[in-house]
file structure_1.txt (compact mmCIF, C-alpha atoms)
# COMPACT_ATOMS: atom_id res chain seq x y z
CA MET D 1 19.55 -164.03 44.98
CA THR D 2 17.54 -161.78 47.23
CA GLY D 3 18.21 -158.14 47.85
CA LEU D 4 19.27 -159.02 51.38
CA HIS D 5 21.86 -161.45 50.09
CA GLN D 6 23.24 -158.87 47.68
CA ARG D 7 23.66 -156.35 50.47
CA VAL D 8 25.34 -158.92 52.68
CA TYR D 9 27.76 -159.91 49.91
CA THR D 10 28.58 -156.26 49.33
CA ILE D 11 29.34 -155.82 53.03
CA VAL D 12 31.44 -158.98 53.03
CA GLY D 13 33.38 -157.69 50.03
CA LEU D 14 34.00 -154.35 51.70
CA LEU D 15 35.20 -155.98 54.90
CA VAL D 16 37.57 -158.21 52.97
CA SER D 17 38.94 -155.17 51.13
CA VAL D 18 39.47 -153.30 54.40
CA ALA D 19 41.21 -156.31 55.90
CA LEU D 20 43.55 -156.65 52.94
CA LEU D 21 44.35 -152.98 52.47
CA SER D 22 44.78 -151.95 56.08
CA ILE D 23 48.16 -153.61 56.57
CA PRO D 24 51.09 -153.18 54.22
CA ALA D 25 52.63 -156.47 53.19
CA ASN D 26 54.91 -157.87 55.90
CA ALA D 27 54.84 -154.63 57.93
CA ALA D 28 55.50 -155.87 61.41
CA GLY D 29 57.38 -153.04 63.05
CA VAL D 30 56.31 -151.72 66.42
CA THR D 31 57.09 -148.14 67.39
CA ARG D 32 56.56 -146.91 70.91
CA VAL D 33 56.60 -143.19 71.60
CA GLN D 34 56.69 -142.04 75.20
CA GLN D 35 56.57 -138.30 75.55
CA SER D 36 57.85 -136.31 78.49
CA ASP D 37 54.35 -135.97 80.01
CA GLY D 38 54.16 -139.76 80.34
CA SER D 39 51.79 -140.30 77.45
CA VAL D 40 52.52 -143.42 75.45
CA GLN D 41 51.50 -144.31 71.95
CA VAL D 42 52.23 -147.72 70.50
CA TYR D 43 52.11 -148.02 66.74
CA GLN D 44 51.80 -151.48 65.33
CA ASN D 45 52.37 -152.67 61.78
CA VAL D 46 54.84 -149.93 61.00
CA THR D 47 56.53 -150.36 57.64
CA MET D 48 60.32 -150.23 57.95
CA SER D 49 62.73 -149.57 55.14
CA LEU D 50 66.46 -149.00 55.11
CA ASN D 51 68.20 -146.94 52.49
CA GLY D 52 71.92 -146.75 53.17
CA GLN D 53 72.04 -145.74 56.81
CA THR D 54 68.67 -144.01 56.81
CA LEU D 55 65.77 -145.85 58.37
CA ARG D 56 62.25 -144.89 57.37
CA LEU D 57 59.26 -145.83 59.47
CA ARG D 58 55.83 -145.41 57.97
CA SER D 59 52.74 -145.55 60.15
CA ARG D 60 50.12 -148.14 59.44
CA ASP D 61 47.71 -145.51 58.18
CA ARG D 62 50.50 -144.27 55.86
CA LYS D 63 49.99 -140.73 57.08
CA GLY D 64 53.22 -140.35 58.99
CA GLU D 65 56.81 -141.13 58.17
CA LEU D 66 59.71 -140.92 60.58
CA GLU D 67 63.13 -140.73 59.00
CA VAL D 68 66.09 -141.62 61.20
CA SER D 69 69.55 -140.90 59.83
CA SER D 70 72.54 -142.60 61.40
CA ASP D 71 76.28 -142.69 61.05
CA ALA D 72 79.24 -144.02 63.01
CA CYS D 73 78.19 -147.52 62.04
CA SER D 74 80.51 -150.23 63.23
CA ALA D 75 80.28 -153.95 62.93
CA MET D 76 79.77 -156.01 66.08
CA GLY D 77 80.00 -159.41 64.52
CA ALA D 78 77.11 -159.69 62.12
CA VAL D 79 75.23 -156.91 63.88
CA GLN D 80 75.77 -153.32 62.86
CA ARG D 81 75.50 -150.63 65.50
CA CYS D 82 74.93 -147.06 64.39
CA LEU D 83 74.39 -143.75 66.14
CA PRO D 84 71.37 -141.74 65.00
CA TYR D 85 71.95 -138.01 64.63
CA SER D 86 68.89 -136.69 62.82
CA THR D 87 65.18 -137.42 62.90
CA VAL D 88 62.61 -135.90 60.58
CA LEU D 89 58.88 -136.42 60.90
CA ARG D 90 56.93 -136.03 57.69
CA GLN D 91 53.18 -135.91 57.93
CA HIS D 92 50.22 -133.71 57.03
CA GLY D 93 52.28 -132.23 54.22
CA GLN D 94 54.94 -130.91 56.58
CA ALA D 95 58.42 -131.94 57.62
CA HIS D 96 59.46 -131.43 61.24
CA THR D 97 62.99 -131.90 62.45
CA ILE D 98 62.99 -133.55 65.85
CA ALA D 99 66.07 -132.60 67.84
CA LEU D 100 67.82 -135.74 68.99
CA GLU D 101 69.90 -136.01 72.10
CA ARG D 102 71.20 -139.52 71.55
CA GLY D 103 70.24 -143.00 70.51
CA THR D 104 71.39 -146.32 69.18
CA VAL D 105 70.34 -148.36 66.18
CA PHE D 106 71.11 -152.05 65.80
CA PHE D 107 70.70 -153.80 62.47
CA ASN D 108 70.98 -157.48 61.82
CA LEU D 109 71.43 -157.52 58.09
CA SER D 110 72.38 -161.17 58.02
CA GLY D 111 70.06 -164.04 57.32
CA ASP D 112 70.64 -165.64 60.70
CA PRO D 113 69.53 -164.70 64.19
CA GLN D 114 72.19 -162.83 66.18
CA THR D 115 72.59 -162.16 69.86
CA LEU D 116 73.57 -158.63 70.84
CA ARG D 117 76.89 -158.42 72.62
CA HIS D 118 76.58 -158.15 76.40
CA SER D 119 72.89 -158.84 76.13
CA SER D 120 70.49 -161.73 75.98
CA ARG D 121 68.52 -159.90 73.31
CA ARG D 122 68.43 -161.66 69.98
CA LEU D 123 67.81 -160.02 66.66
CA GLY D 124 66.19 -162.11 64.00
CA PRO D 125 67.23 -161.95 60.35
CA HIS D 126 66.90 -158.38 59.04
CA GLU D 127 65.57 -157.24 62.37
CA VAL D 128 66.12 -153.71 63.67
CA LEU D 129 66.21 -152.34 67.18
CA VAL D 130 66.18 -148.59 67.74
CA LEU D 131 66.20 -146.41 70.83
CA LEU D 132 66.03 -142.64 70.58
CA HIS D 133 66.04 -139.88 73.19
CA THR D 134 64.92 -136.52 71.92
CA MET D 135 66.00 -133.19 73.34
CA ARG D 136 62.48 -132.69 74.71
CA GLY D 137 62.50 -135.90 76.65
CA THR D 138 60.61 -138.17 74.30
CA ILE D 139 61.77 -141.77 74.25
CA VAL D 140 61.19 -143.72 71.07
CA SER D 141 61.75 -147.42 70.71
CA VAL D 142 61.38 -149.31 67.49
CA GLU D 143 61.68 -152.97 66.77
CA GLY D 144 60.74 -155.11 63.86
CA THR D 145 61.87 -156.64 60.64
CA LEU D 146 62.90 -154.55 57.67
CA ASP D 147 60.40 -154.63 54.83
CA THR D 148 62.86 -153.29 52.29
CA VAL D 149 66.60 -152.74 52.18
CA LYS D 150 68.25 -150.63 49.47
CA MET X 151 17.25 -169.11 59.16
CA ASN X 152 18.11 -170.97 55.97
CA ASP X 153 21.52 -172.51 55.07
CA SER X 154 22.52 -169.61 52.89
CA SER X 155 21.97 -167.11 55.69
CA LYS X 156 23.91 -169.31 58.08
CA ARG X 157 26.85 -169.48 55.69
CA ILE X 158 26.84 -165.72 55.28
CA GLY X 159 26.67 -165.23 59.01
CA THR X 160 29.61 -167.59 59.52
CA CYS X 161 31.57 -165.83 56.83
CA LEU X 162 30.97 -162.42 58.42
CA ALA X 163 31.99 -163.71 61.82
CA LEU X 164 35.23 -165.11 60.38
CA ILE X 165 36.14 -161.88 58.63
CA VAL X 166 35.53 -159.80 61.73
CA ALA X 167 37.66 -162.24 63.69
CA LEU X 168 40.44 -162.01 61.11
CA LEU X 169 40.56 -158.22 61.12
CA PRO X 170 43.75 -157.26 62.92
CA ALA X 171 43.21 -156.55 66.57
CA THR X 172 46.06 -154.10 66.32
CA ALA X 173 43.98 -151.93 64.07
CA PHE X 174 41.64 -151.29 66.95
CA ALA X 175 44.46 -151.04 69.46
CA GLN X 176 46.32 -148.45 67.43
CA ALA X 177 43.23 -146.40 66.84
CA HIS X 178 42.90 -145.98 70.57
CA GLY X 179 46.56 -145.34 71.23
CA GLY X 180 46.92 -148.60 73.06
CA GLY X 181 48.59 -151.83 72.14
CA ALA X 182 50.16 -154.71 73.89
CA ARG X 183 51.76 -152.52 76.51
CA PRO X 184 49.99 -150.43 79.12
CA ALA X 185 49.82 -146.73 78.50
CA PRO X 186 50.09 -144.45 81.52
CA VAL X 187 48.14 -141.76 79.76
CA SER X 188 45.98 -142.81 76.87
CA ARG X 189 44.97 -140.33 74.25
CA PRO X 190 43.31 -140.76 70.92
CA ALA X 191 46.10 -141.33 68.42
CA PRO X 192 46.18 -138.76 65.65
CA ALA X 193 46.88 -139.83 62.13
CA GLY X 194 50.50 -140.70 61.58
CA PHE X 195 52.84 -140.43 64.57
CA ASN X 196 52.26 -138.29 67.62
CA PHE X 197 55.29 -136.16 68.45
CA ASN X 198 53.34 -133.08 69.48
CA HIS X 199 55.78 -132.21 72.28
CA ASP X 200 58.75 -132.39 69.96
CA ILE X 201 57.35 -130.44 67.07
CA ALA X 202 55.63 -127.72 69.08
CA PRO X 203 57.50 -124.43 68.91
CA ALA X 204 59.50 -123.64 72.03
CA PRO X 205 57.99 -120.88 74.17
CA ALA X 206 59.65 -117.54 73.61
CA HIS X 207 61.14 -117.49 77.11
CA GLN X 208 62.31 -121.06 76.96
CA THR X 209 64.82 -122.70 74.72
CA VAL X 210 65.25 -126.38 74.09
CA PRO X 211 66.94 -127.72 77.23
CA ILE X 212 70.54 -128.58 76.65
CA ARG X 213 72.22 -130.14 79.62
CA SER X 214 75.60 -129.20 80.89
CA GLY X 215 78.50 -130.40 78.87
CA ALA X 216 77.21 -129.27 75.51
CA PRO X 217 79.58 -127.17 73.48
CA GLN X 218 79.29 -123.62 74.68
CA ARG X 219 81.51 -121.49 72.59
CA VAL X 220 83.12 -121.09 69.26
CA ALA X 221 86.77 -121.98 68.97
CA THR X 222 89.20 -119.84 67.10
CA PRO X 223 89.06 -120.89 63.49
CA GLU X 224 92.74 -120.40 62.79
CA ARG X 225 95.13 -123.27 62.97
CA ARG X 226 98.18 -123.06 65.18
CA ALA X 227 101.52 -124.68 65.08
CA PRO X 228 101.92 -127.63 67.43
CA GLN X 229 102.71 -126.71 71.00
CA PRO X 230 104.26 -128.76 73.76
CA PRO X 231 101.40 -130.72 75.28
CA ASN X 232 99.95 -129.40 78.49
CA ALA X 233 102.93 -127.32 79.40
CA ALA X 234 100.83 -125.07 81.59
CA ALA X 235 98.45 -127.61 83.06
CA PRO X 236 98.30 -127.29 86.80
CA ALA X 237 96.89 -130.13 88.82
CA ARG X 238 93.58 -129.30 90.52
CA GLY X 239 92.54 -132.70 91.63
CA ASN X 240 90.92 -131.54 94.83
CA GLU X 241 88.13 -129.62 93.17
CA PRO X 242 84.82 -131.46 93.21
CA GLY X 243 83.93 -132.94 89.87
CA ARG X 244 87.37 -132.23 88.52
CA THR X 245 89.93 -134.68 87.38
CA ALA X 246 93.56 -134.39 88.43
CA TYR X 247 94.44 -132.58 85.23
CA ALA X 248 91.52 -130.25 84.84
CA PRO X 249 92.19 -127.18 82.72
CA PRO X 250 92.97 -123.83 84.31
CA ALA X 251 89.98 -121.65 85.07
CA ASN X 252 90.90 -119.09 82.44
CA TYR X 253 90.78 -121.71 79.68
CA HIS X 254 87.66 -122.25 77.62
CA ARG X 255 86.47 -125.45 76.13
CA ALA X 256 87.30 -125.73 72.45
CA GLN X 257 84.39 -126.26 70.14
CA PHE X 258 83.86 -129.75 68.85
CA THR X 259 84.42 -129.07 65.22
CA PRO X 260 82.79 -131.41 62.73
CA ASP X 261 85.06 -132.68 59.98
CA GLN X 262 88.21 -131.43 61.70
CA SER X 263 90.76 -133.34 63.60
CA GLY X 264 93.88 -132.65 65.55
CA GLY X 265 92.88 -129.61 67.58
CA PRO X 266 95.87 -127.24 67.59
CA TYR X 267 97.87 -129.81 65.62
CA GLY X 268 95.37 -129.98 62.77
CA GLY X 269 97.06 -130.11 59.39
CA HIS X 270 100.38 -131.25 60.85
CA PHE X 271 99.89 -135.00 60.74
CA GLY X 272 102.25 -135.78 57.93
CA GLY X 273 104.43 -138.42 59.51
CA HIS X 274 104.80 -141.97 58.36
CA PRO X 275 101.75 -143.91 59.60
CA ILE X 276 102.27 -146.60 62.18
CA ARG X 277 100.48 -149.46 60.57
CA ASN X 278 97.79 -151.13 62.62
CA PRO X 279 99.22 -154.52 63.58
CA ARG X 280 95.82 -156.20 63.27
CA PHE X 281 94.86 -155.05 59.77
CA ASP X 282 96.49 -155.03 56.38
CA GLY X 283 95.68 -151.45 55.50
CA ARG X 284 92.71 -152.32 53.30
CA GLN X 285 90.24 -149.44 53.33
CA TYR X 286 87.83 -149.94 56.23
CA GLY X 287 88.86 -153.56 56.49
CA TRP X 288 88.47 -153.21 60.26
CA ASN X 289 84.76 -152.43 59.69
CA ASN X 290 83.97 -155.26 57.29
CA GLY X 291 84.61 -152.84 54.44
CA ALA X 292 81.87 -150.42 55.47
CA VAL X 293 82.86 -146.75 55.46
CA TRP X 294 82.87 -145.24 58.92
CA ARG X 295 81.64 -141.64 59.17
CA PRO X 296 81.29 -139.59 62.35
CA ALA X 297 77.79 -138.92 63.67
CA PRO X 298 77.70 -135.20 64.39
CA ILE X 299 75.79 -135.07 67.70
CA TYR X 300 78.30 -137.26 69.55
CA TRP X 301 81.72 -136.42 70.93
CA GLY X 302 84.32 -137.63 68.48
CA GLY X 303 81.50 -138.50 66.12
CA GLY X 304 80.85 -141.59 68.23
CA PHE X 305 84.29 -143.06 67.54
CA TRP X 306 85.13 -143.45 71.24
CA GLY X 307 81.62 -144.18 72.46
CA PRO X 308 78.06 -142.91 72.19
CA PHE X 309 78.71 -139.72 74.15
CA ALA X 310 75.97 -137.25 73.31
CA LEU X 311 77.31 -133.70 73.06
CA ALA X 312 74.07 -132.54 74.69
CA ASP X 313 74.73 -134.61 77.78
CA LEU X 314 78.45 -135.04 78.25
CA SER X 315 77.95 -134.89 82.00
CA ALA X 316 77.07 -138.58 81.77
CA ALA X 317 80.52 -139.36 80.38
CA VAL X 318 83.59 -139.81 82.54
CA LEU X 319 85.90 -136.85 82.01
CA PHE X 320 89.43 -138.11 81.61
CA GLY X 321 91.65 -135.05 81.65
CA SER X 322 92.16 -132.58 78.87
CA VAL X 323 94.69 -131.30 76.38
CA LEU X 324 95.53 -127.62 76.48
CA ASP X 325 96.12 -125.24 73.65
CA ALA X 326 98.13 -122.62 75.52
CA GLU X 327 98.26 -120.30 72.55
CA ASN X 328 94.50 -119.98 72.30
CA ASN X 329 93.64 -120.56 75.96
CA VAL X 330 91.35 -123.40 75.04
CA TYR X 331 91.24 -126.97 76.23
CA TYR X 332 90.11 -130.17 74.60
CA PRO X 333 88.37 -132.45 77.11
CA SER X 334 88.91 -136.17 76.97
CA TYR X 335 86.53 -138.91 78.10
CA GLN X 336 86.89 -142.50 79.09
CA VAL X 337 86.60 -144.69 76.04
CA GLU X 338 83.79 -147.24 75.99
CA PRO X 339 84.30 -150.90 75.15
CA ASP X 340 82.95 -152.22 71.86
CA THR X 341 83.73 -149.02 70.02
CA PRO X 342 86.23 -148.35 67.24
CA GLY X 343 88.21 -146.15 69.63
CA TYR X 344 88.49 -148.90 72.21
CA ASP X 345 89.56 -151.35 69.53
CA ILE X 346 92.27 -149.13 68.09
CA LEU X 347 93.79 -148.58 71.53
CA ASN X 348 93.82 -152.34 72.01
CA ASP X 349 95.33 -152.91 68.58
CA TYR X 350 98.34 -150.81 69.51
CA GLY X 351 98.52 -152.16 73.04
CA LEU X 352 97.77 -148.72 74.46
CA GLN X 353 96.29 -148.25 77.90
CA GLN X 354 94.13 -145.15 78.14
CA VAL X 355 95.26 -142.72 80.79
CA GLU X 356 94.07 -139.32 81.84
CA CYS X 357 95.19 -136.57 79.49
CA GLY X 358 97.25 -133.83 81.09
CA PRO X 359 100.73 -134.92 82.05
CA PRO X 360 103.53 -134.55 79.52
CA GLY X 361 105.05 -137.55 77.82
CA LEU X 362 101.82 -139.23 76.72
CA VAL X 363 100.56 -140.58 73.45
CA GLU X 364 97.84 -138.12 72.42
CA ILE X 365 95.50 -139.55 69.83
CA TRP X 366 93.27 -137.15 67.95
CA GLY X 367 90.08 -138.66 66.67
CA PRO X 368 87.21 -137.30 64.60
CA ASP X 369 85.75 -133.87 65.24
CA ASP X 370 88.68 -132.64 67.35
CA SER X 371 88.30 -135.32 69.99
CA VAL X 372 91.35 -136.59 71.84
CA VAL X 373 92.28 -139.47 74.13
CA CYS X 374 95.62 -140.27 75.73
CA GLY X 375 97.61 -143.37 76.43
CA GLY X 376 100.89 -144.36 77.96
CA PRO X 377 103.66 -144.82 75.39
CA ASN X 378 104.92 -148.31 74.57
CA ASP X 379 107.31 -150.06 72.19
CA GLU X 380 104.88 -149.59 69.35
CA VAL X 381 103.87 -145.97 69.88
CA ALA X 382 106.16 -143.29 71.29
CA ALA X 383 104.95 -140.23 73.17
CA GLY X 384 103.61 -137.51 70.90
CA ASN X 385 100.58 -136.50 68.91
CA TYR X 386 98.86 -138.77 66.44
CA GLU X 387 95.80 -138.66 64.28
CA VAL X 388 93.53 -141.61 63.63
CA ASP X 389 93.11 -142.51 60.00
CA PRO X 390 89.64 -144.11 60.09
CA ALA X 391 90.08 -145.70 56.68
CA THR X 392 93.16 -147.75 57.52
CA PHE X 393 92.62 -147.74 61.29
CA SER X 394 96.17 -146.59 61.76
CA LEU X 395 97.91 -143.80 63.66
CA VAL X 396 99.55 -140.95 61.78
CA PRO X 397 102.11 -138.95 63.77
CA ALA X 398 102.34 -135.18 63.81
CA THR X 399 105.42 -133.71 62.23
call {"tool": "encode", "arguments": {"input": "structure_1.txt", "output": "structure tokens"}}
result
Amino acid sequence: MTGLHQRVYTIVGLLVSVALLSIPANAAGVTRVQQSDGSVQVYQNVTMSLNGQTLRLRSRDRKGELEVSSDACSAMGAVQRCLPYSTVLRQHGQAHTIALERGTVFFNLSGDPQTLRHSSRRLGPHEVLVLLHTMRGTIVSVEGTLDTVK
Amino acid sequence: MNDSSKRIGTCLALIVALLPATAFAQAHGGGARPAPVSRPAPAGFNFNHDIAPAPAHQTVPIRSGAPQRVATPERRAPQPPNAAAPARGNEPGRTAYAPPANYHRAQFTPDQSGGPYGGHFGGHPIRNPRFDGRQYGWNNGAVWRPAPIYWGGGFWGPFALADLSAAVLFGSVLDAENNVYYPSYQVEPDTPGYDILNDYGLQQVECGPPGLVEIWGPDDSVVCGGPNDEVAAGNYEVDPATFSLVPAT
């Protein structure tokens, strides 16, 4: 094997590693953050986990985690609708409380697709739909399938 | 170029093609949807507007309707409902039974219920005709807890305390002893509050006139209904566990 080949194989190996490590397993959540100045950031491959009624969203680069706590959960058929009341952003070694004005969280914790009441929107098995309005005018939407449920 | 080099080249091309396009999209703050203003995405999530400290001269904007004052902490004996409520239906933005001008809005108190009647709901519960009394059976067994930033904890609808102007004011209940009033709002469909009114065959009406069924929900919220064969006029508290009404004594 020539030196050139060895270098190429090394590069190939590195690229494969990057491809495999860059996305957490099954992370398919999409988070859209529109701030009051009109700027929009769309975050793909967000990892979503649910612990009780707390939803945790972890950015693809694993550097940011958004924790959304909800209550007032009521069943609408197989879909659970909750009202978020607290959002905490943890990143760069700090925790920031983001003041929420209002929002809604829909969970389909069943194994079958469900249609939201009064809507044509369908939620797949273990799919989540979130809409948040912060006190400073930021609108956050989240959709995707839960990676873990505790 | 020999075969080996060709294979390596093909392999490299495949890997680059397989790398997630989203990785590049996210790195540039883009994605499938158009971004009005595109900025380089920082690591993690970008909430710079929300986490920046508020300027000294400016507080976080809270729209009208948010709780403004602290209610008297003491509990009072039940009073006749709305004995002193004058009708002021001609005022813009007011309902027919708006509170007198010298009354202040009572604070929405988390974990309290009943307003001036709090602590006096000791009557025999009127069992919900649709449920057997099993704890949270109405909610598929899941415990229902109020969410603190919504009027009534979200029991009657997703009415944000910070923006109650978006809700339809539906009269109020007065506490004449403390000169405070408890506003009521129109209940939204597909909520526990809407369901419990339906369960008892109650039609929501504007709070204010005497002789109504006054139902106190979580966090000192209240809605009113016309009495019927099932529920007589008076004050009741919702028991969220059994989804039943407990009368004041």
call {"tool": "residues_around", "arguments": {"input": "structure_1.txt", "residues": "Phe195 in chain X", "least_positions_apart": "3", "cutoff": "9 Å", "atoms": "only C-alpha atoms", "output": "list in words"}}
result
Val33, Gln41, Tyr43, Arg58, Ser59, Lys63, Gly64, Glu65, Leu66, Leu89 and Gln91 of chain D; Ala191, Pro192 and Asn198 of chain X
call {"tool": "closest_atom_pairs", "arguments": {"input": "structure_1.txt", "of": "chain D", "to": "chain X", "cutoff": "7 Å", "atoms": "only C-alpha atoms", "output": "tab-separated table"}}
result
residue	atom	partner	partner_atom	distance
D:Val12	CA	X:Leu162	CA	6.4
D:Val16	CA	X:Ile165	CA	6.9
D:Ala19	CA	X:Leu169	CA	5.6
D:Gln35	CA	X:His199	CA	7.0
D:Gly38	CA	X:Pro186	CA	6.3
D:Ser39	CA	X:Val187	CA	4.6
D:Val40	CA	X:Ala185	CA	5.2
D:Gln41	CA	X:Gly179	CA	5.1
D:Val42	CA	X:Gly181	CA	5.7
D:Tyr43	CA	X:Gln176	CA	5.8
D:Gln44	CA	X:Thr172	CA	6.4
D:Ser59	CA	X:Gly194	CA	5.5
D:Asp61	CA	X:Gly194	CA	6.5
D:Arg62	CA	X:Gly194	CA	6.7
D:Lys63	CA	X:Gly194	CA	4.5
D:Gly64	CA	X:Gly194	CA	3.8
D:Ser70	CA	X:Ala297	CA	6.8
D:Asp71	CA	X:Ala297	CA	4.8
D:Ala72	CA	X:Pro296	CA	4.9
D:Cys73	CA	X:Trp294	CA	6.1
D:Ser74	CA	X:Asn289	CA	6.0
D:Ala75	CA	X:Asn289	CA	5.7
D:Leu83	CA	X:Ala297	CA	6.4
D:Tyr85	CA	X:Ile299	CA	5.7
D:Gln91	CA	X:Gly194	CA	6.6
D:His96	CA	X:Ile201	CA	6.3
D:Ile98	CA	X:Asp200	CA	6.0
D:Glu101	CA	X:Ala312	CA	6.0
D:Arg102	CA	X:Ala310	CA	5.6
D:Met135	CA	X:Pro211	CA	6.8
D:Arg136	CA	X:Asp200	CA	6.0
call {"tool": "residues_near_point", "arguments": {"input": "structure_1.txt", "point": "(101.0, -142.2, 74.5)", "cutoff": "6 Å", "atoms": "all atoms listed in the file", "output": "count of residues only"}}
result
8
call {"tool": "atom_distance", "arguments": {"input": "structure_1.txt", "atom1": "CA of Tyr286 in chain X", "atom2": "CA of Thr392 in chain X"}}
result
5.9 Å
call {"tool": "residues_around", "arguments": {"input": "structure_1.txt", "residues": "Gly367 in chain X", "least_positions_apart": "3", "cutoff": "9 Å", "atoms": "all atoms listed in the file", "output": "number ranges by chain"}}
result
X: 262-264, 302-303, 305-306, 343, 370-373, 386-390
call {"tool": "atom_distance", "arguments": {"input": "structure_1.txt", "atom1": "CA of Val79 in chain D", "atom2": "CA of Ser141 in chain D"}}
result
17.8 Å
call {"tool": "atom_distance", "arguments": {"input": "structure_1.txt", "atom1": "CA of Pro84 in chain D", "atom2": "CA of Val128 in chain D"}}
result
13.1 Å
call {"tool": "closest_residue", "arguments": {"input": "structure_1.txt", "among": "D:Asn108, D:Ser49, D:Thr87, D:Thr134", "to": "Arg122 in chain D", "atoms": "only C-alpha atoms"}}
result
D:Asn108
call {"tool": "closest_residue", "arguments": {"input": "structure_1.txt", "among": "D:Thr104, D:Ser36, D:Thr148, D:Gln80", "to": "Arg56 in chain D", "atoms": "all atoms listed in the file"}}
result
D:Thr148
